[in-house]
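S.K.: Dumping the structure here so I can ask a few things about it.
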Protein chains: 4
Amino acid sequence: MLFEKIKTPGLAHNSYIIGDGGQAAVIDPRRDVDVYLSRAVEAGYKIVNVLETHRNEDYLIGSLEIKEKTGAKIWHADDYVDYQYGAPVEDGQEFQIGRLKIEALHTPGHTPGSFSYVLYGYEEEPWMVFTGDALFAGDVGRVDFLDEDKLDHTAGQLYDSIFNKILPLGDEVILCPAHGSGSVCASAISDREWTTLGIERNLNPKLQYTDKDKFIDNVGKMLEYPPYFENMEKYNKLGPEPLSQYQKPASLTPEEISDLRKDENTYIIDVRTEVSFASAHIPGSISIPLPNLTGFIGWFVPVGARVILISEGEYPTEAINHLYRTGYDNIAGYLGGGLIDWHMAGKSSSTVNTVRVKELCHLLDTDPDQKYILDIRAEEEIKEEGEIADAINIHLTQLLDHLDELPRKKEIFIFCGSGLRSITAGSLLKRNGFEKVNVVLGGLIAWSSTTCPIV
Amino acid sequence: MLFEKIKTPGLAHNSYIIGDGGQAAVIDPRRDVDVYLSRAVEAGYKIVNVLETHRNEDYLIGSLEIKEKTGAKIWHADDYVDYQYGAPVEDGQEFQIGRLKIEALHTPGHTPGSFSYVLYGYEEEPWMVFTGDALFAGDVGRVDFLDEDKLDHTAGQLYDSIFNKILPLGDEVILCPAHGSGSVCASAISDREWTTLGIERNLNPKLQYTDKDKFIDNVGKMLEYPPYFENMEKYNKLGPEPLSQYQKPASLTPEEISDLRKDENTYIIDVRTEVSFASAHIPGSISIPLPNLTGFIGWFVPVGARVILISEGEYPTEAINHLYRTGYDNIAGYLGGGLIDWHMAGKSSSTVNTVRVKELCHLLDTDPDQKYILDIRAEEEIKEEGEIADAINIHLTQLLDHLDELPRKKEIFIFCGSGLRSITAGSLLKRNGFEKVNVVLGGLIAWSSTTCPIV
Amino acid sequence: MLFEKIKTPGLAHNSYIIGDGGQAAVIDPRRDVDVYLSRAVEAGYKIVNVLETHRNEDYLIGSLEIKEKTGAKIWHADDYVDYQYGAPVEDGQEFQIGRLKIEALHTPGHTPGSFSYVLYGYEEEPWMVFTGDALFAGDVGRVDFLDEDKLDHTAGQLYDSIFNKILPLGDEVILCPAHGSGSVCASAISDREWTTLGIERNLNPKLQYTDKDKFIDNVGKMLEYPPYFENMEKYNKLGPEPLSQYQKPASLTPEEISDLRKDENTYIIDVRTEVSFASAHIPGSISIPLPNLTGFIGWFVPVGARVILISEGEYPTEAINHLYRTGYDNIAGYLGGGLIDWHMAGKSSSTVNTVRVKELCHLLDTDPDQKYILDIRAEEEIKEEGEIADAINIHLTQLLDHLDELPRKKEIFIFCGSGLRSITAGSLLKRNGFEKVNVVLGGLIAWSSTTCPIV
Amino acid sequence: MLFEKIKTPGLAHNSYIIGDGGQAAVIDPRRDVDVYLSRAVEAGYKIVNVLETHRNEDYLIGSLEIKEKTGAKIWHADDYVDYQYGAPVEDGQEFQIGRLKIEALHTPGHTPGSFSYVLYGYEEEPWMVFTGDALFAGDVGRVDFLDEDKLDHTAGQLYDSIFNKILPLGDEVILCPAHGSGSVCASAISDREWTTLGIERNLNPKLQYTDKDKFIDNVGKMLEYPPYFENMEKYNKLGPEPLSQYQKPASLTPEEISDLRKDENTYIIDVRTEVSFASAHIPGSISIPLPNLTGFIGWFVPVGARVILISEGEYPTEAINHLYRTGYDNIAGYLGGGLIDWHMAGKSSSTVNTVRVKELCHLLDTDPDQKYILDIRAEEEIKEEGEIADAINIHLTQLLDHLDELPRKKEIFIFCGSGLRSITAGSLLKRNGFEKVNVVLGGLIAWSSTTCPIV
């Protein structure tokens, strides 16, 4: 028997491969599918089915490439979107994988056609349930992908799916959702690497609203919708291009990058740490430190744009994977020698000023009128972690829409949790002509570690 | 600077990647090109040129897939064969790779349009020479690919290429040929992993014939021509299919194999050791132990045939690579569970009898009329290593053409150097209805280790 | 947070590493500890505690080497055995790993001092329980390590541990036992890769005896006790030698092996497949195909003996690991060139005859008096899978004690499930002078696949 | 046959493993010996001899650990230093490795007892020569390890060794030295990855002095002697501690580092890039970007000091290897979370100002009296690459001895080739209380890329 959870960092995505008797099924594969192919091959299994829990909006799905490399059959949920490949799954449909049985369970709410898949063991009892984006450890899926006035309806559907279909499978059943902590598909997914329906019934805050109306009140909310989601939806319907036919993004020289960046449609994305970027970066480049790349690129770079990556000089394997997983296929290359090559070529570079929280306390004491504190955390974070006195809050994702509210003559001090998102904000301000930009290193956590006042 | 020799076992093939200043060239790439792509990527180089020394007949070249994955330019030697891709290289043409220079040198003989490539270092002196199949460590290339009556001409060309073009580069120049010991492209390539023109001038037996006529006499000979060569020539002209688009050969069940083998065009190739095969194998399968696969499959399996691989049960990565490298693209899969699965499925299997040399001495003493000793080594081996008394010699590659000369009622004892080729012969005889087949384990080397008589 | 199950094939052993806030704990590490060290290092965690569930008898524990390489503290269960290192764990003792808490729970039965460890998540509810050898997926631990007349007592203890301490943690709690399917520590562990207390409460056959007396009746049985267990117990008390200080077992020539095997204390263990061994093996060698090595070597090779390994020629990494994990530290080396080298050196080799089930049916029809069918499966297997007409049953592990019951003049046909254990039996018979030894390829499964009669 | 060059970056060190007929020899192994052990094991060879070319002063040799792991015999050159293990090699001594022969050749000069090893192929002609530090590609070994007044003597010895012993082996012989480009053992080693005696005879600048007196004049010079050399000499005599017994350096928290750094004997070594360090670093830490670590740590950190490493947060595998290879065994650990953790803990950090060359041109125009240009390149570099107008030259390695010559009130602009060494200098100045420290990014290469004046 083969059972493995394949985790994709950045996307905080979980996919699963299940095999028995020489046959295997993959649930919700990511776009770069080598990992599934080699797991199957190493274990001597043939992938015969790809099961999708819903039409994904946050990443490109690898079903089609698995099919091309193995001949597996693809089963779509949300089939009303008119897929150009694969076949629709039906409620109650069963898939036999050796002696194991998988049963499709219609669990709408996150999307109208979402499915869960129940895995039955040799003893023919429910053993695991793959809930896609319906139910997570510590949270439930968002229900705001239709119109706002349908929120009550979709939240109600999700309530029914969870309370009347999934939870009744039994406390002892192991829960296998499509996302872990850090996903954009829900705000509060817990760190629990493994969980069960019983654990969720006890501990998941959203499942404490056993009253349907209260559940709808709490879950039925509009959340942020990154612009690239629309694109994912389109590509997932058509089937993304097979990655195996792409050229590998190549090393670029400073000269080549200087030429390419003249084109307006070229975005230089710098995935180094916040301090590296602050110290020296190619003018106009956007800083998104690697751990944040998947989460934020969709807000600042239009799909289809040509992307150049800046790493410390090494081949940026992970960054490239992240880009492909979210549909940024037009990757021109990366700065092969790192910033030192850029400087040795005599090119100019820019900086972002940094301050430490201790300095900041001191700075704020003097001449406060000339200081502007910009807190770019999300609303919920501010509620949970505390507010900074006199700070203006604009969530990072909305920053570009509010540039004209920011003062160009004051020193702007940018705050987030740790400093990682602040550097992204800093790079966006610099790129838009702001001069007096300061990133607070350590962010709110540092602020809390010292004796500075939080409201 | 990047310089690496990439060795391909089985083919005994050497290819090379050379880089400087961010650019790289590959010389004579094999068909599966990931190794070149990743070497370049890891080191931050961009492959810009693929240089071929000649139109290859013993393996499929990977130039086209490199081009598709990197945009590199392909340079063909032997361009008269009317390539469907790439461009012809010209005598004296220079390629600049950073500060390194590569110069094309027309060195005909092995083929009419063979080229060598001279690599110049920063000091602009000849540093290395890539001779393709013109000059090897310990041997020279074969010259029998045109008509037999052109042997003197081609051998003479090779003489001129070596003595008047290559050797004059200087004793100190490092020699980088396209093959190492074990290749079908020359019979006597030495084990020297690295060599120089001076070492070859001193030690290469063929280069001791400094008189052109004597050289021609010794080198100008017709050698064996495996049937698949013709196919390689054709595919190398068209450009082989890109491997990255293929499905991975899959695990097959005993039942699936039972079905597939009913088709006459299906060949079951067993790459296990000689003793495994002897003990139990699928009836009708051909034994070619892995180390011999590339060298012998071309003699016994028609190109285009469907191939099923039998390993010990593990995924036969190397065997699959070997097949693809020599154009056997129609790989149905492999027996996932190994022979034990076959037996557990209640399928019947065949055996080949084995004897040890000590037993054999004894056996031959009694009833010699009913014994038939078949020595399947090549003529040169027999000359070098000695002959076995009363043995009949038929080279393994010619065996299928001489089946009617073999006695069906006598016990046939098959001999080679070690036993590895004997099992191939044994499998072919069994497949053709011979019953009294015995493989001598240890072969001539064992024979020599004991006190049995060699003539 | 870090949570990983580390599986050790052969031993069918599970160990676990749990980390949070920079600190990690390892539960029941195997002897070769690199895997724990690198997991911790890659994730940036420091191993601070090694927790043992009980004094192990089936493998050597790696606690001491982890301590030497990390400075971690070792916590022993079963501390009455007078450990020469580490400290005793106490009932209710708590270990803080970052924000996670682990609580020790005395769960005697398998051994008098067995402990389980309950892992609490951030919400301070029981999340997982590490039960060692108390409770498995589909089975419970054996209780026969004390005197036979204490069986009722120990089985009763286990009942209390499971029903009154472990199960009350809640159906939803994830169960993490020390063994998976295939272990010698329980006969019927299920294939369920992940399970929960609720699933076990429903499906584990032993947990259906909710009546204590019935549980005792069914669980309180004496099982086989491999001789090497005693040794494991001793070494686990002293602390096994650190593997990092050992020389790597080396490649041996046929000549060196010929010399070494003259020594009575040298055992040649052949880990190749059943068909390879049958075809040719070094006289006197014992066949234990790799998947069976850990399970059976302890019955046939005394601890302290010098072992020589025979593989197909490759470095036998896994076999060496298996030996070290069960205390066979005196590994002289392996036959570097495989059997072909042995034969080329002119050495003699032996065979074991093999038959396929179809032949066997036929053979048994004629002259049945001269045939002897030896079924070496365990009693429970025979009960479950069926008996073969006229077969004599001696379990493989007991074979050496019953040699004088076997006929030396009849053809002996050896049966097991698949043929894998039969070859071990065959090798033991040959080693003890039996001549007429036949191994049935495919075993009972093949028998059932065809039309032969099972009683 | 096995032949492989094992390269150690940082040390620019080459070692070699040579095998034939199941036996292998290693020449000049580095301290971490796993690479030799696994190469031998994978290829089925047993390491029987470790050959040293001389007593090394620039790295710790791994002979003793190879011996402990394989039982190989160690052969010392320079045996007068009274080794505590191994045996002396003698001039003309021969080592048989299968059918290959290695002959020891006394080639003094670099050290009094230096040996070269000549490898003879199957044909018994010189094939390769392993010259240790006597002859490199493009350079010869330094001869200044004895008293200055012995320079003529040692340079003369080296002349005789090269011209009368090594070169006469023949132009065609392949040269295998102990170092490649970038070593501290010679200043001008060329990039030629492979070379021959003939190539060196033609191109090596030092070998153009065929007149002995001229050779002595040119080669007989005192060079820099890093303080840690003395220590290497001592440890190489005793035999370094086996690394396999060490604990792995662990992840440290900001708090732990804050505590440890109070101790004067603790050095924080930051191996990040120059821009990362400039932007934010732990006060008092020394910047040595990874590629420079081996080359410079010996000048600034006393052997025996406790070292803490700062990386981007990942486990600093390479940095740790570098430290062990040069005897810095007291590694307390590394900052597991990288600088972001440091800041989140509310700790303060320092910066070094950076300037780009274009800004610098401009800056220097105004108020030149308040500017101080510090060129920390070595004398030879300045000669070759050009001098900067008005710059003061102090070689980086000598900087700490000249601190009182530097102005504390002027802005100091530090120059090197690329900026990589300048950040080390910058960190040393900051650590010693200088405030007005500026590192020129891109260094002289950038300066040359633009239009700034070089003298």
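To be explicit about the labels: the chains of the structure tokens are called A, B, and onward in the order shown, and within each one the residues are counted from 1, while ligands get numbers from 1 in the order they are shown.
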Find the nearest atom pair between each residue of chain A and chain D for residues within 6 Å, count only C-alpha atoms, give distances in Å to one decimal, sort rows by chain and ascending number, and present the table as a Markdown table.

M.R.:
```
| residue | atom | partner | partner_atom | distance |
| --- | --- | --- | --- | --- |
| A:Val275 | CA | D:Ser279 | CA | 5.5 |
| A:Ser276 | CA | D:Ser276 | CA | 4.3 |
| A:Ser279 | CA | D:Ser279 | CA | 4.9 |
| A:His343 | CA | D:Gly442 | CA | 4.3 |
| A:Met344 | CA | D:Gly442 | CA | 3.9 |
| A:Ala345 | CA | D:Ala446 | CA | 5.3 |
| A:Gly346 | CA | D:Ala446 | CA | 4.2 |
| A:Leu441 | CA | D:His343 | CA | 5.9 |
| A:Gly442 | CA | D:Met344 | CA | 3.9 |
| A:Ile445 | CA | D:Met344 | CA | 5.2 |
| A:Ala446 | CA | D:Met344 | CA | 4.1 |
| A:Ser449 | CA | D:Gly346 | CA | 5.3 |
| A:Thr450 | CA | D:Gly346 | CA | 5.8 |
```

S.K.: Limited to C-alpha atoms, could you put the picked residues into a file as an mmCIF file, in the first residue's frame?

M.R.:
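Printed below is selection06.cif as written:
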```
data_model
loop_
_atom_site.group_PDB
_atom_site.id
_atom_site.type_symbol
_atom_site.label_atom_id
_atom_site.label_comp_id
_atom_site.auth_asym_id
_atom_site.auth_seq_id
_atom_site.Cartn_x
_atom_site.Cartn_y
_atom_site.Cartn_z
ATOM 1 C CA VAL A 275 18.482 43.090 4.425
ATOM 2 C CA SER A 276 20.149 42.160 1.139
ATOM 3 C CA SER A 279 21.487 47.272 1.023
ATOM 4 C CA HIS A 343 28.250 46.081 -9.236
ATOM 5 C CA MET A 344 31.404 44.822 -10.898
ATOM 6 C CA ALA A 345 29.804 45.733 -14.203
ATOM 7 C CA GLY A 346 29.713 49.285 -12.863
ATOM 8 C CA LEU A 441 13.608 45.401 10.772
ATOM 9 C CA GLY A 442 12.027 42.811 13.017
ATOM 10 C CA ILE A 445 7.559 41.090 16.857
ATOM 11 C CA ALA A 446 10.690 43.105 17.545
ATOM 12 C CA SER A 449 10.280 42.174 22.287
ATOM 13 C CA THR A 450 11.399 45.564 23.446
#
```

S.K.: Out of range 166-210 of chain C, which residues get strand (DSSP E) from DSSP, as a list in words?

M.R.: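 In range 166-210 of chain C, DSSP puts these residues in strand (DSSP E): Ile174, Leu175, Cys176, Pro177, Thr195 and Thr196 of chain C.
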
S.K.: List the spatial neighbours of Thr397 in chain A as a list in words - criterion: any atom at most 10 Å away, only C-alpha atoms, same-chain residues fewer than 6 positions off excluded.

M.R.: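 Answer for this query is Glu224, Tyr225, Pro226, Gly295, Phe296, Ile297, Gly298, Trp299, Phe300, Ile376, Arg377, Ala378 and Ala425 of chain A.
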
S.K.: Could you please take those selected residues and save N, CA and C atoms as a tab-separated table (two decimals), in the first residue's frame?

M.R.:
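Listed below is the output, part30.tsv:
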```
chain	number	residue	atom	x	y	z
A	224	GLU	N	-10.02	38.96	0.55
A	224	GLU	CA	-9.25	39.50	-0.57
A	224	GLU	C	-9.20	38.52	-1.74
A	225	TYR	N	-9.17	39.06	-2.92
A	225	TYR	CA	-9.16	38.24	-4.12
A	225	TYR	C	-8.00	38.68	-5.02
A	226	PRO	N	-6.88	37.99	-4.92
A	226	PRO	CA	-5.71	38.40	-5.71
A	226	PRO	C	-6.03	38.36	-7.19
A	295	GLY	N	2.69	34.02	-2.30
A	295	GLY	CA	1.59	34.75	-1.70
A	295	GLY	C	1.39	36.15	-2.25
A	296	PHE	N	2.48	36.79	-2.72
A	296	PHE	CA	2.34	38.20	-3.07
A	296	PHE	C	2.56	38.57	-4.52
A	297	ILE	N	3.24	37.70	-5.27
A	297	ILE	CA	3.53	38.11	-6.65
A	297	ILE	C	2.24	38.41	-7.40
A	298	GLY	N	1.18	37.67	-7.10
A	298	GLY	CA	-0.08	37.84	-7.82
A	298	GLY	C	-0.70	39.22	-7.66
A	299	TRP	N	-0.29	39.94	-6.63
A	299	TRP	CA	-0.85	41.28	-6.41
A	299	TRP	C	-0.12	42.35	-7.19
A	300	PHE	N	1.15	42.08	-7.55
A	300	PHE	CA	1.95	43.19	-8.06
A	300	PHE	C	2.47	42.98	-9.48
A	376	ILE	N	1.39	47.81	7.33
A	376	ILE	CA	0.84	47.14	6.14
A	376	ILE	C	0.29	45.76	6.45
A	377	ARG	N	0.08	45.48	7.72
A	377	ARG	CA	-0.49	44.19	8.07
A	377	ARG	C	-1.98	44.13	7.71
A	378	ALA	N	-2.51	42.90	7.66
A	378	ALA	CA	-3.94	42.74	7.38
A	378	ALA	C	-4.74	43.09	8.62
A	425	ALA	N	6.80	46.30	0.51
A	425	ALA	CA	6.17	47.62	0.47
A	425	ALA	C	7.21	48.69	0.16
```

S.K.: Can you list, as a PyMOL selection string, all residues belonging to range 62-245 of chain D that DSSP tags as helix (DSSP H, G or I)?

M.R.: chain D and resi 63-70+79-81+148-169+197-203+205-208+212-219+228-238+243-245

S.K.: Quick one: residues within 9 Å of Ile18 in chain D, only C-alpha atoms counted, chain neighbours fewer than 5 positions away excluded, as number ranges by chain?

M.R.: D: 1-5, 23-27, 97

S.K.: Give me, as a PyMOL selection string, all polymer residues having an atom no more than 9 Å from range 203-215 of chain C, counting only C-alpha atoms and skipping those fewer than 3 positions away in the same chain.

M.R.: (chain A and resi 123+125) or (chain C and resi 136-140+152+155-156+159-160+162-163+190+198-200+218-220)

S.K.: Excluding Gly284 in chain B and any residue of its chain fewer than 6 positions from it, enumerate the residues within 10 Å of it, using only C-alpha atoms, and give them as a PyMOL selection string.

M.R.: chain B and resi 261+267-269+349-350+427-433

S.K.: Keeping only all heavy atoms, take the residues you just selected and write them out as a compact mmCIF listing (two decimals), in the first residue's frame.

M.R.:
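Result file result-v9.txt:
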```txt
# COMPACT_ATOMS: atom_id res chain seq x y z
N ARG B 261 2.87 -10.71 -24.77
CA ARG B 261 3.85 -11.55 -25.45
C ARG B 261 3.25 -12.42 -26.54
O ARG B 261 3.99 -13.06 -27.30
CB ARG B 261 4.61 -12.42 -24.44
CG ARG B 261 3.80 -13.44 -23.73
CD ARG B 261 4.55 -13.95 -22.51
NE ARG B 261 5.51 -14.97 -22.85
CZ ARG B 261 5.28 -16.28 -22.72
NH1 ARG B 261 4.13 -16.72 -22.29
NH2 ARG B 261 6.20 -17.15 -23.03
N TYR B 267 9.24 -8.27 -27.72
CA TYR B 267 10.44 -8.98 -27.26
C TYR B 267 10.59 -8.77 -25.76
O TYR B 267 10.59 -7.63 -25.29
CB TYR B 267 11.68 -8.44 -27.98
CG TYR B 267 11.77 -8.90 -29.42
CD1 TYR B 267 10.93 -8.34 -30.38
CD2 TYR B 267 12.66 -9.89 -29.80
CE1 TYR B 267 11.00 -8.77 -31.70
CE2 TYR B 267 12.72 -10.32 -31.12
CZ TYR B 267 11.88 -9.75 -32.07
OH TYR B 267 11.94 -10.18 -33.36
N ILE B 268 10.71 -9.88 -25.06
CA ILE B 268 10.96 -9.77 -23.62
C ILE B 268 12.46 -9.85 -23.41
O ILE B 268 13.09 -10.86 -23.74
CB ILE B 268 10.24 -10.90 -22.86
CG1 ILE B 268 8.74 -10.83 -23.16
CG2 ILE B 268 10.51 -10.78 -21.37
CD1 ILE B 268 7.93 -11.86 -22.41
N ILE B 269 13.01 -8.77 -22.90
CA ILE B 269 14.46 -8.71 -22.69
C ILE B 269 14.72 -8.77 -21.19
O ILE B 269 14.28 -7.92 -20.43
CB ILE B 269 15.04 -7.40 -23.26
CG1 ILE B 269 14.69 -7.27 -24.75
CG2 ILE B 269 16.55 -7.34 -23.06
CD1 ILE B 269 15.22 -8.37 -25.61
N SER B 349 7.78 -21.09 -16.03
CA SER B 349 9.02 -20.43 -16.43
C SER B 349 9.99 -21.49 -16.93
O SER B 349 9.81 -22.68 -16.68
CB SER B 349 9.62 -19.66 -15.25
OG SER B 349 9.94 -20.53 -14.20
N SER B 350 10.98 -21.05 -17.65
CA SER B 350 11.96 -21.97 -18.22
C SER B 350 13.30 -21.83 -17.52
O SER B 350 13.53 -20.88 -16.77
CB SER B 350 12.18 -21.66 -19.71
OG SER B 350 10.97 -21.73 -20.40
N SER B 427 19.89 -18.26 -24.26
CA SER B 427 18.48 -17.86 -24.36
C SER B 427 18.01 -17.90 -25.81
O SER B 427 16.87 -18.26 -26.10
CB SER B 427 18.29 -16.46 -23.76
OG SER B 427 18.81 -15.45 -24.59
N LEU B 428 18.90 -17.55 -26.72
CA LEU B 428 18.52 -17.58 -28.14
C LEU B 428 18.28 -19.02 -28.61
O LEU B 428 17.34 -19.29 -29.38
CB LEU B 428 19.61 -16.91 -28.99
CG LEU B 428 19.76 -15.40 -28.78
CD1 LEU B 428 21.03 -14.88 -29.44
CD2 LEU B 428 18.54 -14.64 -29.30
N LEU B 429 19.12 -19.91 -28.16
CA LEU B 429 18.94 -21.31 -28.55
C LEU B 429 17.61 -21.85 -27.99
O LEU B 429 16.83 -22.48 -28.70
CB LEU B 429 20.12 -22.17 -28.08
CG LEU B 429 21.46 -21.87 -28.77
CD1 LEU B 429 22.50 -22.93 -28.39
CD2 LEU B 429 21.30 -21.82 -30.29
N LYS B 430 17.38 -21.61 -26.70
CA LYS B 430 16.12 -22.09 -26.10
C LYS B 430 14.92 -21.52 -26.86
O LYS B 430 13.95 -22.23 -27.14
CB LYS B 430 16.05 -21.64 -24.63
CG LYS B 430 17.05 -22.30 -23.70
CD LYS B 430 16.69 -23.73 -23.33
CE LYS B 430 15.58 -23.78 -22.30
NZ LYS B 430 15.41 -25.10 -21.68
N ARG B 431 15.00 -20.24 -27.15
CA ARG B 431 13.92 -19.56 -27.88
C ARG B 431 13.69 -20.19 -29.24
O ARG B 431 12.59 -20.12 -29.79
CB ARG B 431 14.35 -18.09 -28.02
CG ARG B 431 13.37 -17.15 -28.61
CD ARG B 431 14.00 -15.75 -28.62
NE ARG B 431 13.40 -14.93 -29.66
CZ ARG B 431 12.28 -14.22 -29.51
NH1 ARG B 431 11.67 -14.22 -28.35
NH2 ARG B 431 11.79 -13.53 -30.51
N ASN B 432 14.73 -20.80 -29.79
CA ASN B 432 14.61 -21.42 -31.10
C ASN B 432 14.47 -22.93 -31.01
O ASN B 432 14.81 -23.65 -31.95
CB ASN B 432 15.80 -21.02 -31.96
CG ASN B 432 15.64 -19.59 -32.49
OD1 ASN B 432 14.91 -19.36 -33.45
ND2 ASN B 432 16.25 -18.62 -31.80
N GLY B 433 14.05 -23.38 -29.87
CA GLY B 433 13.65 -24.77 -29.76
C GLY B 433 14.74 -25.75 -29.39
O GLY B 433 14.49 -26.96 -29.32
```

S.K.: I'd like the contact shell of Asp78 in chain B - 12 Å cut-off, only C-alpha atoms, skipping same-chain residues fewer than 3 positions apart - returned as a PyMOL selection string.

M.R.: chain B and resi 51-57+75+81-83+86-91+106-116+233+236-237

S.K.: Interatomic distance between CA of Gly333 in chain A and CA of Asn49 in chain B?

M.R.: 18.7 Å

S.K.: Measuring between only C-alpha atoms, which one of B:Pro177, B:Pro9, B:Gly170, B:Pro227 shows the shortest distance to Phe130 in chain B?

M.R.: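 Counting only C-alpha atoms, the residue closest to Phe130 in chain B is B:Pro177.
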
S.K.: Nearest to Gly313 in chain D: which of D:Gly22, D:Gly337, D:Pro289, D:Gly239 is it, counting only C-alpha atoms?

M.R.: D:Gly337

S.K.: Here is a test: counting only C-alpha atoms, which residue of B:Arg142, B:Lys234, B:Lys165, B:Lys410 is nearest to Pro368 in chain B?

M.R.: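 Checking each of B:Arg142, B:Lys234, B:Lys165, B:Lys410 against Pro368 in chain B, counting only C-alpha atoms, the winner is B:Lys410.
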